[in-house]
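Below: run23.txt (compact mmCIF, C-alpha atoms and all ligand atoms)
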# COMPACT_ATOMS: atom_id res chain seq x y z
CA MET A 12 0.99 -1.72 -12.61
CA LYS A 13 1.67 -5.35 -11.96
CA LEU A 14 -0.79 -8.08 -12.88
CA ILE A 15 -1.28 -9.01 -9.20
CA THR A 16 -2.64 -5.50 -8.73
CA HIS A 17 -4.86 -5.80 -11.80
CA ASN A 18 -6.16 -9.06 -10.37
CA MET A 19 -7.53 -7.20 -7.34
CA LEU A 20 -9.02 -4.06 -8.86
CA THR A 21 -12.72 -3.72 -9.66
CA SER A 22 -15.02 -0.90 -10.75
CA LYS A 23 -17.82 -2.22 -8.56
CA CYS A 24 -18.07 1.00 -6.56
CA MET A 25 -19.40 2.84 -9.62
CA LYS A 26 -23.04 3.72 -9.91
CA GLY A 27 -24.91 1.01 -11.84
CA VAL A 28 -22.05 -1.49 -11.88
CA THR A 29 -22.80 -4.90 -10.37
CA VAL A 30 -19.60 -6.89 -10.76
CA GLY A 31 -17.07 -4.61 -12.42
CA TYR A 32 -14.56 -7.42 -12.76
CA PRO A 33 -12.21 -8.15 -14.39
CA LEU A 34 -11.19 -4.80 -15.80
CA LYS A 35 -10.05 -4.99 -19.41
CA ILE A 36 -6.53 -3.84 -20.13
CA GLN A 37 -5.59 -1.63 -23.03
CA ALA A 38 -1.82 -1.57 -22.83
CA VAL A 39 0.25 0.97 -24.72
CA ASP A 40 3.56 0.36 -23.05
CA VAL A 41 4.56 -2.75 -21.10
CA LYS A 42 7.95 -3.55 -19.67
CA THR A 43 9.39 -6.29 -17.54
CA THR A 44 11.41 -5.62 -14.40
CA GLU A 45 13.38 -8.13 -12.42
CA VAL A 46 12.01 -8.76 -8.93
CA ASP A 47 13.73 -10.93 -6.29
CA PHE A 48 12.21 -14.40 -6.32
CA ASN A 49 10.78 -15.40 -2.95
CA PRO A 50 9.13 -18.83 -3.34
CA GLU A 51 7.44 -18.68 0.04
CA PHE A 52 5.87 -15.30 -0.75
CA ILE A 53 4.65 -16.46 -4.17
CA SER A 54 3.17 -19.62 -2.63
CA ARG A 55 1.15 -17.45 -0.29
CA LEU A 56 0.04 -15.12 -3.11
CA ILE A 57 -1.29 -17.83 -5.40
CA PRO A 58 -4.44 -18.70 -3.39
CA LYS A 59 -5.39 -15.00 -3.40
CA VAL A 60 -5.29 -14.80 -7.18
CA ASP A 61 -8.09 -15.42 -9.67
CA TRP A 62 -5.99 -17.59 -11.96
CA ASN A 63 -8.26 -17.41 -15.02
CA VAL A 64 -8.29 -13.65 -14.83
CA LEU A 65 -4.50 -13.64 -14.52
CA CYS A 66 -4.13 -15.83 -17.61
CA SER A 67 -6.49 -13.77 -19.74
CA ALA A 68 -4.92 -10.52 -18.59
CA ALA A 69 -1.44 -11.79 -19.47
CA GLU A 70 -2.68 -13.11 -22.78
CA SER A 71 -4.47 -9.86 -23.68
CA ILE A 72 -1.21 -7.92 -23.42
CA GLY A 73 0.83 -10.62 -25.14
CA TYR A 74 2.75 -11.88 -22.11
CA LEU A 75 1.16 -15.25 -21.40
CA GLU A 76 4.46 -16.95 -22.26
CA ASP A 77 4.38 -20.50 -20.89
CA LEU A 78 2.19 -19.84 -17.88
CA PRO A 79 0.11 -22.98 -17.12
CA LYS A 80 -3.63 -22.40 -17.56
CA GLU A 81 -4.32 -23.95 -14.22
CA VAL A 82 -2.70 -23.86 -10.81
CA THR A 83 -0.57 -26.97 -10.46
CA GLU A 84 -1.19 -29.27 -7.51
CA ASN A 85 1.42 -29.02 -4.76
CA TYR A 86 2.67 -25.80 -6.31
CA GLU A 87 4.46 -24.94 -3.05
CA ASN A 88 7.10 -27.51 -3.95
CA ASN A 89 7.18 -26.81 -7.66
CA VAL A 90 9.90 -24.21 -8.17
CA ASP A 91 9.39 -24.17 -11.91
CA PHE A 92 5.71 -23.31 -11.53
CA LEU A 93 6.41 -20.75 -8.80
CA LYS A 94 8.94 -19.01 -11.03
CA LYS A 95 6.43 -18.74 -13.85
CA ALA A 96 3.81 -17.39 -11.45
CA HIS A 97 6.37 -14.96 -10.02
CA ARG A 98 7.16 -13.65 -13.46
CA VAL A 99 3.58 -13.03 -14.50
CA LEU A 100 2.37 -11.69 -11.14
CA LEU A 101 5.25 -9.39 -10.27
CA GLU A 102 7.63 -8.79 -13.18
CA ILE A 103 5.31 -7.61 -15.92
CA ASP A 104 4.64 -3.91 -15.53
CA ILE A 105 2.02 -2.00 -17.49
CA ILE A 106 3.50 1.47 -17.82
CA ASN A 107 0.93 3.26 -19.93
CA GLY A 108 -2.55 2.38 -21.04
CA GLU A 109 -6.04 2.05 -19.68
CA LEU A 110 -8.17 -0.16 -17.52
CA ILE A 111 -11.71 -0.46 -18.82
CA CYS A 112 -14.83 -1.20 -16.80
CA PRO A 113 -16.44 -4.29 -18.38
CA GLU A 114 -19.97 -2.96 -17.81
CA THR A 115 -19.84 0.77 -18.51
CA GLY A 116 -16.73 1.11 -20.64
CA ARG A 117 -15.43 3.78 -18.22
CA LYS A 118 -11.70 4.13 -18.72
CA PHE A 119 -9.17 4.41 -15.91
CA PRO A 120 -5.87 5.75 -17.21
CA ILE A 121 -2.53 4.17 -16.32
CA ASN A 122 0.38 6.62 -16.38
CA ASN A 123 3.94 5.93 -15.20
CA GLY A 124 2.71 2.49 -14.17
CA ILE A 125 0.10 3.95 -11.83
CA PRO A 126 -3.61 3.29 -12.41
CA ASN A 127 -5.86 6.23 -11.57
CA MET A 128 -9.03 4.86 -10.00
CA LEU A 129 -10.47 8.23 -8.96
CA LEU A 130 -14.12 8.74 -9.82
CA ASN A 131 -16.11 11.91 -10.35
CA GLU A 132 -18.76 12.64 -7.77
CA ASP A 133 -21.61 11.84 -10.17
CA GLU A 134 -20.17 8.36 -10.82
CA VAL A 135 -20.51 7.00 -7.30
CA MET B 9 14.78 -10.75 16.82
CA TRP B 10 14.23 -10.95 13.06
CA PRO B 11 16.97 -10.09 10.58
CA CYS B 12 16.92 -6.52 9.35
CA MET B 13 18.93 -3.90 7.51
CA LYS B 14 20.88 -1.60 9.83
CA LEU B 15 18.78 1.22 11.26
CA ARG B 16 21.35 3.79 10.18
CA HIS B 17 21.27 2.60 6.56
CA LEU B 18 17.51 2.68 6.48
CA GLN B 19 17.47 6.22 7.82
CA GLU B 20 20.06 7.33 5.26
CA LEU B 21 17.97 5.89 2.48
CA LEU B 22 14.81 7.62 3.68
CA GLN B 23 16.66 10.92 3.97
CA GLN B 24 17.36 10.81 0.25
CA ILE B 25 13.80 10.76 -0.92
CA ASP B 26 12.05 13.88 -2.17
CA GLY B 27 9.13 15.20 -0.16
CA PHE B 28 6.13 17.31 -1.07
CA ASP B 29 7.03 20.50 -3.02
CA ASN B 30 3.83 22.30 -2.20
CA PRO B 31 2.12 20.30 0.51
CA LYS B 32 -1.65 20.48 0.38
CA VAL B 33 -2.90 21.38 3.82
CA HIS B 34 -6.37 19.89 3.39
CA LEU B 35 -4.80 16.50 2.61
CA GLU B 36 -2.41 16.81 5.55
CA GLN B 37 0.61 16.17 3.40
CA TYR B 38 3.91 15.88 5.15
CA ILE B 39 6.45 13.16 4.96
CA THR B 40 6.97 11.02 8.05
CA PRO B 41 10.32 12.34 9.35
CA PRO B 42 13.05 9.86 8.32
CA HIS B 43 14.36 9.26 11.85
CA LEU B 44 10.85 8.40 12.94
CA ALA B 45 9.93 6.35 9.87
CA SER B 46 13.14 4.35 10.10
CA HIS B 47 12.62 3.58 13.80
CA MET B 48 9.04 2.51 13.17
CA LEU B 49 9.91 0.24 10.26
CA HIS B 50 12.96 -1.18 12.01
CA THR B 51 10.81 -2.08 15.02
CA ILE B 52 8.11 -3.64 12.86
CA GLN B 53 10.67 -5.88 11.21
CA THR B 54 13.07 -6.71 14.07
CA HIS B 55 10.43 -7.30 16.76
CA TYR B 56 7.60 -8.75 14.75
CA GLY B 57 8.96 -9.84 11.36
CA ASP B 58 6.00 -8.14 9.69
CA ILE B 59 7.82 -6.70 6.62
CA ASP B 60 10.28 -9.13 5.03
CA GLY B 61 8.48 -11.32 2.48
CA LYS B 62 5.06 -9.86 3.29
CA LEU B 63 2.25 -8.39 1.20
CA ILE B 64 1.88 -4.87 2.57
CA ALA B 65 -0.47 -1.92 2.00
CA ASP B 66 0.54 1.66 2.76
CA LEU B 67 -2.56 3.85 3.11
CA GLY B 68 -1.96 7.45 2.03
CA SER B 69 1.49 6.60 0.68
CA GLY B 70 2.34 10.19 -0.30
CA CYS B 71 5.88 10.59 -1.59
CA GLY B 72 6.76 7.15 -0.32
CA GLY B 73 8.21 8.00 3.11
CA LEU B 74 7.07 4.62 4.42
CA THR B 75 6.61 2.72 1.16
CA LEU B 76 10.26 2.99 0.15
CA GLY B 77 11.44 1.91 3.59
CA LEU B 78 9.18 -1.14 3.41
CA ALA B 79 10.61 -2.00 0.00
CA ALA B 80 14.15 -1.61 1.34
CA LEU B 81 13.34 -4.04 4.14
CA ASN B 82 12.46 -6.68 1.53
CA ALA B 83 8.70 -6.59 1.54
CA GLY B 84 7.40 -9.21 -0.90
CA LEU B 85 5.30 -6.42 -2.41
CA VAL B 86 4.17 -3.03 -1.13
CA ILE B 87 1.06 -1.44 -2.60
CA GLY B 88 0.76 2.26 -1.87
CA PHE B 89 -2.68 3.90 -2.08
CA GLU B 90 -2.69 7.66 -2.55
CA VAL B 91 -5.27 10.20 -3.72
CA ASP B 92 -3.07 13.07 -4.85
CA GLN B 93 -1.65 13.30 -8.37
CA THR B 94 1.44 15.34 -7.43
CA ALA B 95 2.31 13.05 -4.54
CA VAL B 96 1.94 10.03 -6.80
CA GLU B 97 4.34 11.61 -9.32
CA ILE B 98 6.98 12.45 -6.71
CA CYS B 99 6.64 8.94 -5.30
CA HIS B 100 7.10 7.48 -8.77
CA SER B 101 10.35 9.38 -9.25
CA ASN B 102 11.57 8.36 -5.77
CA ILE B 103 10.90 4.72 -6.63
CA ASN B 104 12.84 5.11 -9.88
CA ASP B 105 15.77 6.83 -8.17
CA GLN B 106 16.11 3.97 -5.71
CA ALA B 107 15.34 1.34 -8.38
CA PHE B 108 12.87 -0.65 -6.30
CA SER B 109 10.76 -3.19 -8.15
CA ASN B 110 8.70 -4.52 -5.23
CA ILE B 111 6.30 -1.54 -5.17
CA ASP B 112 3.03 -0.75 -6.95
CA ILE B 113 1.10 2.49 -6.49
CA VAL B 114 -2.65 2.90 -6.99
CA GLN B 115 -4.17 6.36 -7.17
CA CYS B 116 -7.51 6.35 -5.37
CA ASP B 117 -9.58 7.99 -2.67
CA LEU B 118 -9.55 5.79 0.40
CA THR B 119 -12.62 7.46 1.85
CA SER B 120 -14.84 6.68 -1.11
CA ASN B 121 -16.45 3.33 -1.40
CA SER B 122 -14.47 0.59 -2.33
CA PHE B 123 -13.08 -0.90 -5.47
CA LEU B 124 -10.76 -2.53 -2.95
CA SER B 125 -13.23 -5.22 -1.94
CA ARG B 126 -11.25 -8.06 -3.52
CA TRP B 127 -8.30 -7.02 -1.38
CA PHE B 128 -10.16 -7.38 1.91
CA LYS B 129 -8.23 -9.60 4.36
CA GLN B 130 -5.53 -10.25 1.77
CA PHE B 131 -2.72 -8.09 3.13
CA ASP B 132 -0.35 -9.48 5.77
CA THR B 133 0.48 -6.03 7.08
CA VAL B 134 -1.08 -2.59 6.63
CA ILE B 135 0.84 0.54 7.56
CA MET B 136 -0.22 4.18 7.56
CA ASN B 137 0.56 7.64 8.74
CA PRO B 138 -2.99 8.85 8.19
CA PRO B 139 -4.26 12.40 7.97
CA PHE B 140 -5.14 13.25 11.57
CA GLY B 141 -8.46 14.79 10.66
CA THR B 142 -7.67 18.25 11.95
CA LYS B 143 -8.30 20.14 8.70
CA HIS B 144 -12.07 20.08 8.25
CA ASN B 145 -11.88 16.37 7.65
CA ALA B 146 -12.68 15.14 11.15
CA GLY B 147 -12.80 11.38 11.43
CA ILE B 148 -10.61 10.62 8.41
CA ASP B 149 -7.97 9.02 10.68
CA MET B 150 -10.58 6.53 11.90
CA ASP B 151 -11.76 6.01 8.33
CA PHE B 152 -8.23 5.06 7.33
CA LEU B 153 -7.90 2.80 10.35
CA GLN B 154 -11.16 0.99 9.52
CA LYS B 155 -9.87 0.48 5.97
CA GLY B 156 -6.72 -0.98 7.49
CA PHE B 157 -8.74 -3.39 9.62
CA ALA B 158 -10.68 -4.44 6.51
CA LEU B 159 -7.61 -4.99 4.35
CA SER B 160 -5.32 -6.85 6.76
CA HIS B 161 -5.67 -10.40 8.00
CA ASN B 162 -2.89 -9.94 10.51
CA THR B 163 -1.45 -6.62 11.68
CA ILE B 164 -1.91 -2.88 11.20
CA TYR B 165 0.59 -0.20 12.25
CA SER B 166 -0.51 3.40 12.50
CA LEU B 167 0.17 6.81 14.03
CA HIS B 168 -2.51 8.70 15.95
CA LYS B 169 -2.55 11.82 18.03
CA THR B 170 -2.03 10.86 21.67
CA SER B 171 -4.99 13.04 22.59
CA THR B 172 -7.23 10.58 20.73
CA ARG B 173 -5.83 7.43 22.38
CA ALA B 174 -8.95 6.49 24.31
CA HIS B 175 -11.04 6.77 21.17
CA VAL B 176 -8.61 4.71 19.08
CA LEU B 177 -8.62 1.97 21.73
CA LYS B 178 -12.41 1.98 21.74
CA VAL B 179 -12.66 1.70 17.96
CA ALA B 180 -10.18 -1.17 17.98
CA LYS B 181 -12.12 -2.97 20.66
CA SER B 182 -15.43 -2.62 18.86
CA ASN B 183 -13.77 -4.14 15.77
CA CYS B 184 -12.38 -7.05 17.82
CA VAL B 185 -8.83 -5.90 17.13
CA LYS B 186 -6.12 -6.00 19.79
CA ALA B 187 -4.43 -2.61 20.15
CA GLU B 188 -1.11 -1.74 21.73
CA VAL B 189 0.81 1.54 21.92
CA LEU B 190 4.39 0.67 21.02
CA ALA B 191 5.75 4.15 21.61
CA GLN B 192 4.71 7.67 22.31
CA LEU B 193 6.53 10.05 20.03
CA ARG B 194 7.10 13.73 19.67
CA TYR B 195 6.39 14.63 16.15
CA ASP B 196 7.41 17.99 14.91
CA LEU B 197 5.43 19.04 11.91
CA PRO B 198 8.06 20.59 9.70
CA SER B 199 8.28 24.30 9.02
CA SER B 200 7.52 23.65 5.35
CA TYR B 201 4.02 22.91 6.48
CA LYS B 202 3.10 26.55 6.16
CA PHE B 203 -0.35 26.36 7.66
CA HIS B 204 1.24 26.73 11.06
CA LYS B 205 2.52 30.13 12.05
CA LYS B 206 5.41 28.82 14.12
CA THR B 207 8.35 27.23 12.33
CA SER B 208 7.42 23.87 13.73
CA VAL B 209 4.88 22.51 16.16
CA ASP B 210 5.40 19.56 18.39
CA ILE B 211 2.52 17.18 18.72
CA GLU B 212 2.35 13.98 20.71
CA VAL B 213 1.73 10.93 18.60
CA ASP B 214 1.15 7.28 19.47
CA PHE B 215 2.72 4.55 17.39
CA PHE B 216 0.11 1.80 17.43
CA ARG B 217 0.25 -1.88 16.64
CA PHE B 218 -3.07 -3.61 15.97
CA GLN B 219 -3.54 -7.32 15.71
CA ILE B 220 -6.60 -8.84 14.08
CA LEU B 221 -7.97 -11.53 16.37
CA ASN B 222 -8.87 -14.66 14.45
CA ASN B 223 -11.97 -15.50 16.42
CA SER B 224 -13.52 -12.15 15.42
C1 LIG C 301 0.63 12.41 6.71
S1 LIG C 301 0.77 12.09 4.99
C2 LIG C 301 1.80 10.62 4.99
C3 LIG C 301 2.58 10.42 3.72
C4 LIG C 301 3.50 9.20 3.63
N1 LIG C 301 2.78 7.97 3.93
C5 LIG C 301 4.65 9.34 4.60
O1 LIG C 301 4.58 8.68 5.63
O2 LIG C 301 5.60 10.05 4.34
C6 LIG C 301 -0.88 11.53 4.59
C7 LIG C 301 -1.11 11.18 3.13
O3 LIG C 301 -2.47 10.75 2.93
C8 LIG C 301 -2.94 11.25 1.69
N2 LIG C 301 -4.40 11.29 1.70
C9 LIG C 301 -5.19 12.21 2.31
N3 LIG C 301 -6.49 11.92 2.10
C10 LIG C 301 -6.53 10.78 1.34
C11 LIG C 301 -7.59 9.97 0.79
N4 LIG C 301 -8.86 10.30 0.97
N5 LIG C 301 -7.26 8.86 0.07
C12 LIG C 301 -5.96 8.52 -0.12
N6 LIG C 301 -4.92 9.25 0.37
C13 LIG C 301 -5.20 10.36 1.09
C14 LIG C 301 -2.28 12.61 1.58
O4 LIG C 301 -2.26 13.08 0.24
C15 LIG C 301 -0.89 12.33 2.17
O5 LIG C 301 0.00 11.93 1.16

So, in terms of structure tokens, how does the structure I just supplied come out?
Amino acid sequence: MKLITHNMLTSKCMKGVTVGYPLKIQAVDVKTTEVDFNPEFISRLIPKVDWNVLCSAAESIGYLEDLPKEVTENYENNVDFLKKAHRVLLEIDIINGELICPETGRKFPINNGIPNMLLNEDEV
Amino acid sequence: MWPCMKLRHLQELLQQIDGFDNPKVHLEQYITPPHLASHMLHTIQTHYGDIDGKLIADLGSGCGGLTLGLAALNAGLVIGFEVDQTAVEICHSNINDQAFSNIDIVQCDLTSNSFLSRWFKQFDTVIMNPPFGTKHNAGIDMDFLQKGFALSHNTIYSLHKTSTRAHVLKVAKSNCVKAEVLAQLRYDLPSSYKFHKKTSVDIEVDFFRFQILNNS
């Protein structure tokens, strides 16, 4: 699971959960994979991302590296910034671990890099 | 015309991926036949440029019959949503075999209410070969389509039984989405799909393109 995906997932659909965001990450196994760098694509991703959540997620699994804490102005033309964003959004892959609902503590397992967001009937 | 990998190469790649071992009838699990999947994806890229460099969702991604093709055509990122554990595992091994890194898979039930809300209107393109709703799950195809409309800010591509065309057009219209049938296909459900008594059954399927209208 990439951090862009983490940035989008919530547990809001669960009974009794009001925000359900961001999900905490308990990472057991993290790897990095090279992904082709497409500056135009990354520029279009950045406005969709909650940057603070991205930074804390990266930090919590020890991969913050030198990611700026804030989105740089005119990032579209800042290749250095786009490369750092690219790395954190797409190249860090959580292989095994758990996502944890911030309100209920419900755990969603991540196996083979795939988060399992299925709920039991009594949870919705 | 937009640049694109050769149709033949795409089809060869899709022929290599593993399908469902024991397809679950109630989930309508069958892989989109490679010749069909490759033609669909090739059209989406060459005519409309809706794959290369785009953020794409594949609803009911199964073993990756469409997801892997999207990745091969240089999607910026494909996110596949799939409910079934076995399908997700086969898809994972297909992704590893082909060494794609522009794919993420999320296991979830697309009919249940939505932890996807932050993704609404974020995807450039949504693609699906949905369950047709013929196995005691009537309406699931329209459920998938509505999810597609919610997730995409631009286009949605989908397959629907030709017999439901009028209904699909009506649903699109009531959602202020422009609908167009790009092709009418003959789809033979493979013999592995044991529910059917005959070795294969031909059904008529429409390949739809939907465009979200901005003034909606
Ligand atoms: C016709 S298959 C298409 C598979 C794959 N996209 C392909 O084209 O080869 C439909 C897929 O939808 C999945 N599915 C069925 N119901 C679902 C649900 N409620 N949520 C998510 N996926 C579902 C099935 O498990 C199956 O993999």

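All residues of protein, DNA or RNA that reach within 10 Å of Gly116 in chain A, judged by all atoms listed in the file and not counting those fewer than 5 positions away in the chain, are A:Leu34, A:Lys35, A:Leu110, A:Ile111.
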
Worksheet item: Residues within 8 Å of ligand LIG 301 (chain C) (all atoms listed in the file), as number ranges by chain?
Response: B: 27, 32, 34-41, 45, 66-75, 89-92, 95, 115-120, 136-140, 148

Item to complete: Enter the distance from CA of Leu130 in chain A to CA of Gly27 in chain A, in Å, rounded to one decimal.
Response: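 Going from CA of Leu130 in chain A over to CA of Gly27 in chain A covers 13.4 Å.
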
Listing only residues of chain A within 9 Å of chain B, what is the closest atom pair and its distance in Å (to one decimal) for each, using all atoms listed in the file, sorted by chain and residue number ascending, as a tab-separated table?
residue	atom	partner	partner_atom	distance
A:Met12	CA	B:Asp112	CA	6.1
A:Lys13	CA	B:Asp112	CA	6.9
A:Thr16	CA	B:Asp112	CA	7.6
A:Asn18	CA	B:Arg126	CA	8.6
A:Met19	CA	B:Arg126	CA	5.4
A:Leu20	CA	B:Phe123	CA	6.2
A:Thr21	CA	B:Phe123	CA	5.1
A:Ser22	CA	B:Phe123	CA	5.6
A:Lys23	CA	B:Phe123	CA	5.8
A:Cys24	CA	B:Phe123	CA	5.4
A:Met25	CA	B:Phe123	CA	8.4
A:Gly31	CA	B:Phe123	CA	8.8
A:Thr44	CA	B:Ser109	CA	6.7
A:Glu45	CA	B:Ser109	CA	7.0
A:Val46	CA	B:Ser109	CA	5.8
A:Asp47	CA	B:Asn110	CA	8.2
A:Phe48	CA	B:Gly84	CA	8.9
A:Asn49	CA	B:Gly61	CA	7.2
A:Glu51	CA	B:Gly61	CA	7.8
A:Phe52	CA	B:Gly61	CA	5.8
A:Ile53	CA	B:Gly84	CA	8.4
A:Leu56	CA	B:Leu63	CA	8.3
A:Lys59	CA	B:Gln130	CA	7.0
A:Leu101	CA	B:Asn110	CA	7.8
A:Glu102	CA	B:Ser109	CA	8.2
A:Asn123	CA	B:His100	CA	7.3
A:Gly124	CA	B:Ile113	CA	7.8
A:Ile125	CA	B:Ile113	CA	5.6
A:Pro126	CA	B:Val114	CA	5.5
A:Asn127	CA	B:Gln115	CA	4.7
A:Met128	CA	B:Cys116	CA	5.1
A:Leu129	CA	B:Cys116	CA	5.0
A:Leu130	CA	B:Cys116	CA	8.3
A:Val135	CA	B:Asn121	CA	8.0

Discussion item. Excluding Ala180 in chain B and its own-chain neighbours fewer than 4 positions away, which residues fall within 9 Å of it when counting only C-alpha atoms? Please give them as a list in words.
Written reply: Leu153, Gln154, Phe157, His175, Val176, Cys184, Val185, Lys186, Ala187 and Phe218 of chain B

Worksheet item: Neighbours of range 97-99 of chain A within 8 Å (only C-alpha atoms; same-chain residues fewer than 5 positions away dropped), as a PyMOL selection string?
Response: chain A and resi 14+48+53+69+74-75+78

Item to complete: Figure out the distance between CA of Phe215 in chain B and CA of Ala79 in chain B, please, to one decimal in Å.
Response: 20.2 Å

Worksheet item: In Å, with one decimal, what is the gap from CA of Asn131 in chain A to CA of Ile105 in chain A?
Response: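 CA of Ile105 in chain A lies at a distance of 23.9 Å from CA of Asn131 in chain A.
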
Item to complete: For His43 in chain B, please output as a ChimeraX atom specification all residues within 12 Å (counting only C-alpha atoms; exclusion window: fewer than 2 positions along the same chain).
Response: /B:15-23,39-41,45-50,73-74,77,193-196

Atoms kept (C-alpha atoms) for selection, written as a PDB file, in the coordinates of the input:
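Once everything was written out, this is again36.pdb:
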ATOM      1  CA  LEU B  15      18.780   1.220  11.260  1.00  0.00           C
ATOM      2  CA  ARG B  16      21.350   3.790  10.180  1.00  0.00           C
ATOM      3  CA  HIS B  17      21.270   2.600   6.560  1.00  0.00           C
ATOM      4  CA  LEU B  18      17.510   2.680   6.480  1.00  0.00           C
ATOM      5  CA  GLN B  19      17.470   6.220   7.820  1.00  0.00           C
ATOM      6  CA  GLU B  20      20.060   7.330   5.260  1.00  0.00           C
ATOM      7  CA  LEU B  21      17.970   5.890   2.480  1.00  0.00           C
ATOM      8  CA  LEU B  22      14.810   7.620   3.680  1.00  0.00           C
ATOM      9  CA  GLN B  23      16.660  10.920   3.970  1.00  0.00           C
ATOM     10  CA  ILE B  39       6.450  13.160   4.960  1.00  0.00           C
ATOM     11  CA  THR B  40       6.970  11.020   8.050  1.00  0.00           C
ATOM     12  CA  PRO B  41      10.320  12.340   9.350  1.00  0.00           C
ATOM     13  CA  ALA B  45       9.930   6.350   9.870  1.00  0.00           C
ATOM     14  CA  SER B  46      13.140   4.350  10.100  1.00  0.00           C
ATOM     15  CA  HIS B  47      12.620   3.580  13.800  1.00  0.00           C
ATOM     16  CA  MET B  48       9.040   2.510  13.170  1.00  0.00           C
ATOM     17  CA  LEU B  49       9.910   0.240  10.260  1.00  0.00           C
ATOM     18  CA  HIS B  50      12.960  -1.180  12.010  1.00  0.00           C
ATOM     19  CA  GLY B  73       8.210   8.000   3.110  1.00  0.00           C
ATOM     20  CA  LEU B  74       7.070   4.620   4.420  1.00  0.00           C
ATOM     21  CA  GLY B  77      11.440   1.910   3.590  1.00  0.00           C
ATOM     22  CA  LEU B 193       6.530  10.050  20.030  1.00  0.00           C
ATOM     23  CA  ARG B 194       7.100  13.730  19.670  1.00  0.00           C
ATOM     24  CA  TYR B 195       6.390  14.630  16.150  1.00  0.00           C
ATOM     25  CA  ASP B 196       7.410  17.990  14.910  1.00  0.00           C
TER      26      ASP B 196
END

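Within a radius of 7 Å around (-0.5, 10.1, 19.3), the polymer residues are B:Leu167, B:His168, B:Lys169, B:Thr170, B:Ser171, B:Thr172, B:Arg173, B:Gln192, B:Glu212, B:Val213, B:Asp214, B:Phe215, counting all atoms listed in the file.
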
Box for range 107-123 of chain A: with edges along x, y and z, all listed atoms inside and 8 Å added on each side, what are the centre and edge lengths in Å to one decimal, as JSON?
{"center_x": -8.0, "center_y": 1.2, "center_z": -18.1, "size_x": 39.9, "size_y": 26.9, "size_z": 21.8}

Worksheet entry | Closest of B:Ile220, B:Leu81, B:Ile64, B:Ile25 to Trp10 in chain B - atom-to-atom distances counting only C-alpha atoms |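 Smallest distance to Trp10 in chain B is found for B:Leu81.
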
Worksheet item: Which residue out of B:Ala65, B:Ala158, B:Ala80, B:Leu44 has the minimum interatomic distance to Lys14 in chain B when all atoms listed in the file are used?
Response: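 Ranked by minimum distance to Lys14 in chain B, first place goes to B:Ala80.
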
Practice prompt. Would you please work out which residue, of A:Glu70, A:Val30, A:Ser54, A:Lys118, is nearest to Leu93 in chain A when using all atoms listed in the file?
Written response: A:Ser54

Fill in: Lys42 in chain A environment, 7 Å, all atoms listed in the file, sequence neighbours closer than 4 positions dropped, as a PyMOL selection string
chain A and resi 103-106
